[in-house]
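K.L.:
Sharing a structure with you now.
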Amino acid sequence: MTSATASTAGTTAPATTLQTQTTVQAGSAKNPATVFTGNYHWAEYRNNMSTTMPPNPRFQWETSNRVKRSSCTWQGNPAVCYTITQTGDYSEWAGGKLVDTKDGESILSEEIYRSDSDTLLTGTLTDTIKGIPQPPVDLTAEKQYHREDRPNGLMGISPFGEMNITLTSGGTEKIRVPAGTFPEARTYSGAFRDGCGIEFWVSDGVPVPVQYRIANKYIDGEDPVQEYELKSWG
């Protein structure tokens with residue numbers, strides 16, 4: 001395992017390029033190794049969540065999370081807009097058995113960030129249940145969180161890009177997700193500043209993580225985990 005520190009030397013590209021990049025400085029190496037790079041407009045993940053609520057067995061549920069990235073303006077200044085949708089057509093599992101399937105619910109998060117940083121400028125979160133939108137929630141209070149501070153939002157980390165945290169390289173391994181099989185995915189592990197663990201699996205030619213896993217202590221229960229598996233991107 002090689003210690004590596006995420007670098008902020010390569011800042012996020014202007015919104016018009018639709019490019020995101022994170023770099024990792026490996027030990028004494030002079031040049032940073034690329035973790036995420038390339039253009040993307042949207043990406044969709046299967047969000048697999050699980051937790052244990054004693055004395056009950058392990059409980060698991062899934063959603064589909066899609067993020068769309070585009071250039072926009074806010075108060076006359078260049079910005080980056082993220083539209084994130086979490087669909088509520090999901091299945092709940094307990095003890096390895098399907099116990100319930102729910103539908104008719106979706107959550108829409110509309111967020112606007114500075115084009116030269118990951119600072120959230122404004123945003124709203126709207127929950128729609130059986131076709132009826134609920135009152136929107138203002139997200140501007142969340143601007144106090146930097147993306148390396150703690151898990152946050154429907155994607156756990158949003159937007160994808162620079163993270164000023166320490167990562168450890170775990171080499172490569174074969175990984176299978178809905179988007180396909182990646183025989184030599186590079187692995188990195190670390191933690192948010194609040195202590196929540198995070199792992200990434202990345203592959204050459206894919207501009208976003210093919211998988212990432214968060215030990216999200218803000219979910220109820222024991223050993224809660226969120227695992228985002230790439231379904232598709234474009």
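Here, A, B, ... name the chains of the structure tokens in the order displayed, residue numbers run from 1 inside each chain, and ligands are numbered from 1 in the same displayed order.
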Within 7 Å of stretch 130-142 of chain A, counting only C-alpha atoms, which residues qualify if same-chain residues fewer than 5 places away don't, as a list in words?

P.N.:
Gly104, Glu105, Leu121, Thr122, Gly123, Thr124 and Leu125 of chain A

K.L.:
Would you write out those residues with C-alpha atoms, as a short mmCIF file (atom, residue, chain, number, x, y, z; two decimals), in the first residue's frame?

P.N.:
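Final output, saved to again-v3.cif:
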```
data_model
loop_
_atom_site.label_atom_id
_atom_site.label_comp_id
_atom_site.auth_asym_id
_atom_site.auth_seq_id
_atom_site.Cartn_x
_atom_site.Cartn_y
_atom_site.Cartn_z
CA GLY A 104 -43.71 6.39 -7.01
CA GLU A 105 -41.08 8.44 -5.17
CA LEU A 121 -23.88 28.94 -4.39
CA THR A 122 -27.52 27.94 -4.20
CA GLY A 123 -29.78 24.94 -4.60
CA THR A 124 -33.06 23.23 -3.78
CA LEU A 125 -34.12 19.69 -2.89
#
```

K.L.:
As a list in words, please: every residue in stretch 48-222 of chain A that a backbone DSSP assignment puts in helix (DSSP H, G or I).

P.N.:
Thr140, Ala141, Glu142, Lys143 and Gln144 of chain A

K.L.:
Convert the current residue selection to file output with C-alpha atoms, as an mmCIF file, in the first residue's frame.

P.N.:
```
data_model
loop_
_atom_site.group_PDB
_atom_site.id
_atom_site.type_symbol
_atom_site.label_atom_id
_atom_site.label_comp_id
_atom_site.auth_asym_id
_atom_site.auth_seq_id
_atom_site.Cartn_x
_atom_site.Cartn_y
_atom_site.Cartn_z
ATOM 1 C CA THR A 140 -27.811 27.058 0.617
ATOM 2 C CA ALA A 141 -27.154 26.181 4.263
ATOM 3 C CA GLU A 142 -25.083 23.238 2.994
ATOM 4 C CA LYS A 143 -22.464 25.589 1.528
ATOM 5 C CA GLN A 144 -20.629 25.327 4.856
#
```

K.L.:
Within 9 Å of A:Gln86, counting only C-alpha atoms, which residues show up once you throw out same-chain ones fewer than 5 positions away? Write them as a PDB file with N, CA and C atoms, in the first residue's frame, please.

P.N.:
```
ATOM      1  N   THR A  63     -31.396   2.424  -4.763  1.00  0.00           N
ATOM      2  CA  THR A  63     -32.018   3.462  -5.571  1.00  0.00           C
ATOM      3  C   THR A  63     -31.162   3.670  -6.813  1.00  0.00           C
ATOM      4  N   SER A  64     -31.689   4.416  -7.769  1.00  0.00           N
ATOM      5  CA  SER A  64     -30.932   4.800  -8.955  1.00  0.00           C
ATOM      6  C   SER A  64     -30.680   6.293  -8.882  1.00  0.00           C
ATOM      7  N   ASN A  65     -29.405   6.689  -8.964  1.00  0.00           N
ATOM      8  CA  ASN A  65     -29.023   8.095  -8.825  1.00  0.00           C
ATOM      9  C   ASN A  65     -28.346   8.576 -10.101  1.00  0.00           C
ATOM     10  N   ARG A  66     -28.860   9.643 -10.676  1.00  0.00           N
ATOM     11  CA  ARG A  66     -28.331  10.183 -11.934  1.00  0.00           C
ATOM     12  C   ARG A  66     -27.936  11.642 -11.729  1.00  0.00           C
ATOM     13  N   VAL A  67     -26.718  12.004 -12.150  1.00  0.00           N
ATOM     14  CA  VAL A  67     -26.238  13.374 -12.055  1.00  0.00           C
ATOM     15  C   VAL A  67     -26.011  13.912 -13.463  1.00  0.00           C
ATOM     16  N   GLU A 105     -41.757   7.374  -5.903  1.00  0.00           N
ATOM     17  CA  GLU A 105     -41.081   8.442  -5.171  1.00  0.00           C
ATOM     18  C   GLU A 105     -39.792   8.812  -5.883  1.00  0.00           C
ATOM     19  N   SER A 106     -39.505  10.104  -5.941  1.00  0.00           N
ATOM     20  CA  SER A 106     -38.237  10.569  -6.500  1.00  0.00           C
ATOM     21  C   SER A 106     -37.803  11.822  -5.763  1.00  0.00           C
ATOM     22  N   ILE A 107     -36.498  12.049  -5.751  1.00  0.00           N
ATOM     23  CA  ILE A 107     -35.932  13.235  -5.121  1.00  0.00           C
ATOM     24  C   ILE A 107     -35.103  13.957  -6.164  1.00  0.00           C
ATOM     25  N   LEU A 108     -35.324  15.251  -6.307  1.00  0.00           N
ATOM     26  CA  LEU A 108     -34.604  16.076  -7.272  1.00  0.00           C
ATOM     27  C   LEU A 108     -33.790  17.123  -6.530  1.00  0.00           C
ATOM     28  N   SER A 109     -32.483  17.133  -6.786  1.00  0.00           N
ATOM     29  CA  SER A 109     -31.593  18.127  -6.203  1.00  0.00           C
ATOM     30  C   SER A 109     -31.020  18.984  -7.329  1.00  0.00           C
ATOM     31  N   LEU A 154     -27.180  13.673  -2.537  1.00  0.00           N
ATOM     32  CA  LEU A 154     -27.685  12.422  -3.080  1.00  0.00           C
ATOM     33  C   LEU A 154     -26.582  11.536  -3.661  1.00  0.00           C
ATOM     34  N   MET A 155     -25.465  12.132  -4.076  1.00  0.00           N
ATOM     35  CA  MET A 155     -24.369  11.352  -4.635  1.00  0.00           C
ATOM     36  C   MET A 155     -23.294  11.022  -3.603  1.00  0.00           C
TER      37      MET A 155
END
```

K.L.:
Find the residue from A:Arg176, A:His41, A:Arg150, A:Arg193 that sits nearest to A:Arg69; use only C-alpha atoms when measuring.

P.N.:
A:His41

K.L.:
With a distance cut-off of 12 Å and only C-alpha atoms, select the neighbouring residues of A:Asn152, excluding the residue or stretch itself and same-chain residues fewer than 3 positions from it, and output the selection as a VMD selection string.

P.N.:
chain A and resid 109 120 139 142 to 149 155 to 159 192 194 196 214 216 to 219 226

K.L.:
May I have the selected residues written with N, CA and C atoms, as a CSV table (one decimal), in the first residue's frame?

P.N.:
```csv
chain,number,residue,atom,x,y,z
A,109,SER,N,-32.5,17.1,-6.8
A,109,SER,CA,-31.6,18.1,-6.2
A,109,SER,C,-31.0,19.0,-7.3
A,120,LEU,N,-20.8,25.6,-3.2
A,120,LEU,CA,-22.2,25.7,-3.5
A,120,LEU,C,-22.7,27.1,-3.3
A,139,LEU,N,-31.0,24.5,-0.1
A,139,LEU,CA,-29.7,23.8,0.2
A,139,LEU,C,-28.6,24.8,0.5
A,142,GLU,N,-26.1,24.3,3.1
A,142,GLU,CA,-25.1,23.2,3.0
A,142,GLU,C,-23.8,23.8,2.5
A,143,LYS,N,-23.7,25.0,2.1
A,143,LYS,CA,-22.5,25.6,1.5
A,143,LYS,C,-21.3,25.6,2.5
A,144,GLN,N,-21.7,25.4,3.8
A,144,GLN,CA,-20.6,25.3,4.9
A,144,GLN,C,-19.8,24.1,4.7
A,145,TYR,N,-20.3,23.0,4.0
A,145,TYR,CA,-19.6,21.8,3.9
A,145,TYR,C,-18.7,21.8,2.6
A,146,HIS,N,-17.4,21.6,2.8
A,146,HIS,CA,-16.6,21.3,1.6
A,146,HIS,C,-16.7,19.8,1.3
A,147,ARG,N,-16.4,19.5,0.0
A,147,ARG,CA,-16.7,18.1,-0.4
A,147,ARG,C,-15.8,17.1,0.3
A,148,GLU,N,-14.7,17.6,0.9
A,148,GLU,CA,-13.9,16.6,1.7
A,148,GLU,C,-14.2,16.6,3.2
A,149,ASP,N,-15.2,17.4,3.6
A,149,ASP,CA,-15.5,17.5,5.0
A,149,ASP,C,-16.3,16.3,5.5
A,155,MET,N,-25.5,12.1,-4.1
A,155,MET,CA,-24.4,11.4,-4.6
A,155,MET,C,-23.3,11.0,-3.6
A,156,GLY,N,-23.5,11.5,-2.4
A,156,GLY,CA,-22.5,11.2,-1.3
A,156,GLY,C,-21.3,12.2,-1.5
A,157,ILE,N,-20.8,12.3,-2.7
A,157,ILE,CA,-19.8,13.4,-3.0
A,157,ILE,C,-20.3,14.0,-4.3
A,158,SER,N,-20.4,15.3,-4.3
A,158,SER,CA,-20.8,16.1,-5.5
A,158,SER,C,-20.3,17.5,-5.3
A,159,PRO,N,-19.7,18.0,-6.4
A,159,PRO,CA,-19.5,17.4,-7.7
A,159,PRO,C,-18.2,16.5,-7.6
A,192,PHE,N,-13.1,11.1,4.8
A,192,PHE,CA,-13.5,12.4,4.9
A,192,PHE,C,-12.9,13.0,6.2
A,194,ASP,N,-14.4,14.2,8.6
A,194,ASP,CA,-15.2,13.8,9.8
A,194,ASP,C,-15.0,12.4,10.2
A,196,CYS,N,-15.5,9.6,8.3
A,196,CYS,CA,-16.2,8.6,7.4
A,196,CYS,C,-15.3,8.1,6.4
A,214,ILE,N,-18.9,4.5,0.7
A,214,ILE,CA,-18.8,5.4,1.8
A,214,ILE,C,-19.3,4.7,3.1
A,216,ASN,N,-21.0,5.6,5.8
A,216,ASN,CA,-21.7,6.9,6.1
A,216,ASN,C,-22.3,6.8,7.5
A,217,LYS,N,-21.6,7.3,8.5
A,217,LYS,CA,-22.1,7.2,9.9
A,217,LYS,C,-23.4,8.0,10.1
A,218,TYR,N,-23.8,8.8,9.1
A,218,TYR,CA,-25.1,9.6,9.3
A,218,TYR,C,-26.3,8.8,8.9
A,219,ILE,N,-26.1,7.6,8.5
A,219,ILE,CA,-27.3,6.7,8.3
A,219,ILE,C,-27.5,5.9,9.6
A,226,GLN,N,-22.8,3.0,2.0
A,226,GLN,CA,-23.4,3.3,0.7
A,226,GLN,C,-22.4,2.9,-0.3
```

K.L.:
What does the distance from atom CA of A:Asp116 to atom CA of A:Gly76 come to in Å, to one decimal?

P.N.:
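Distance reported for this atom pair: 14.6 Å.
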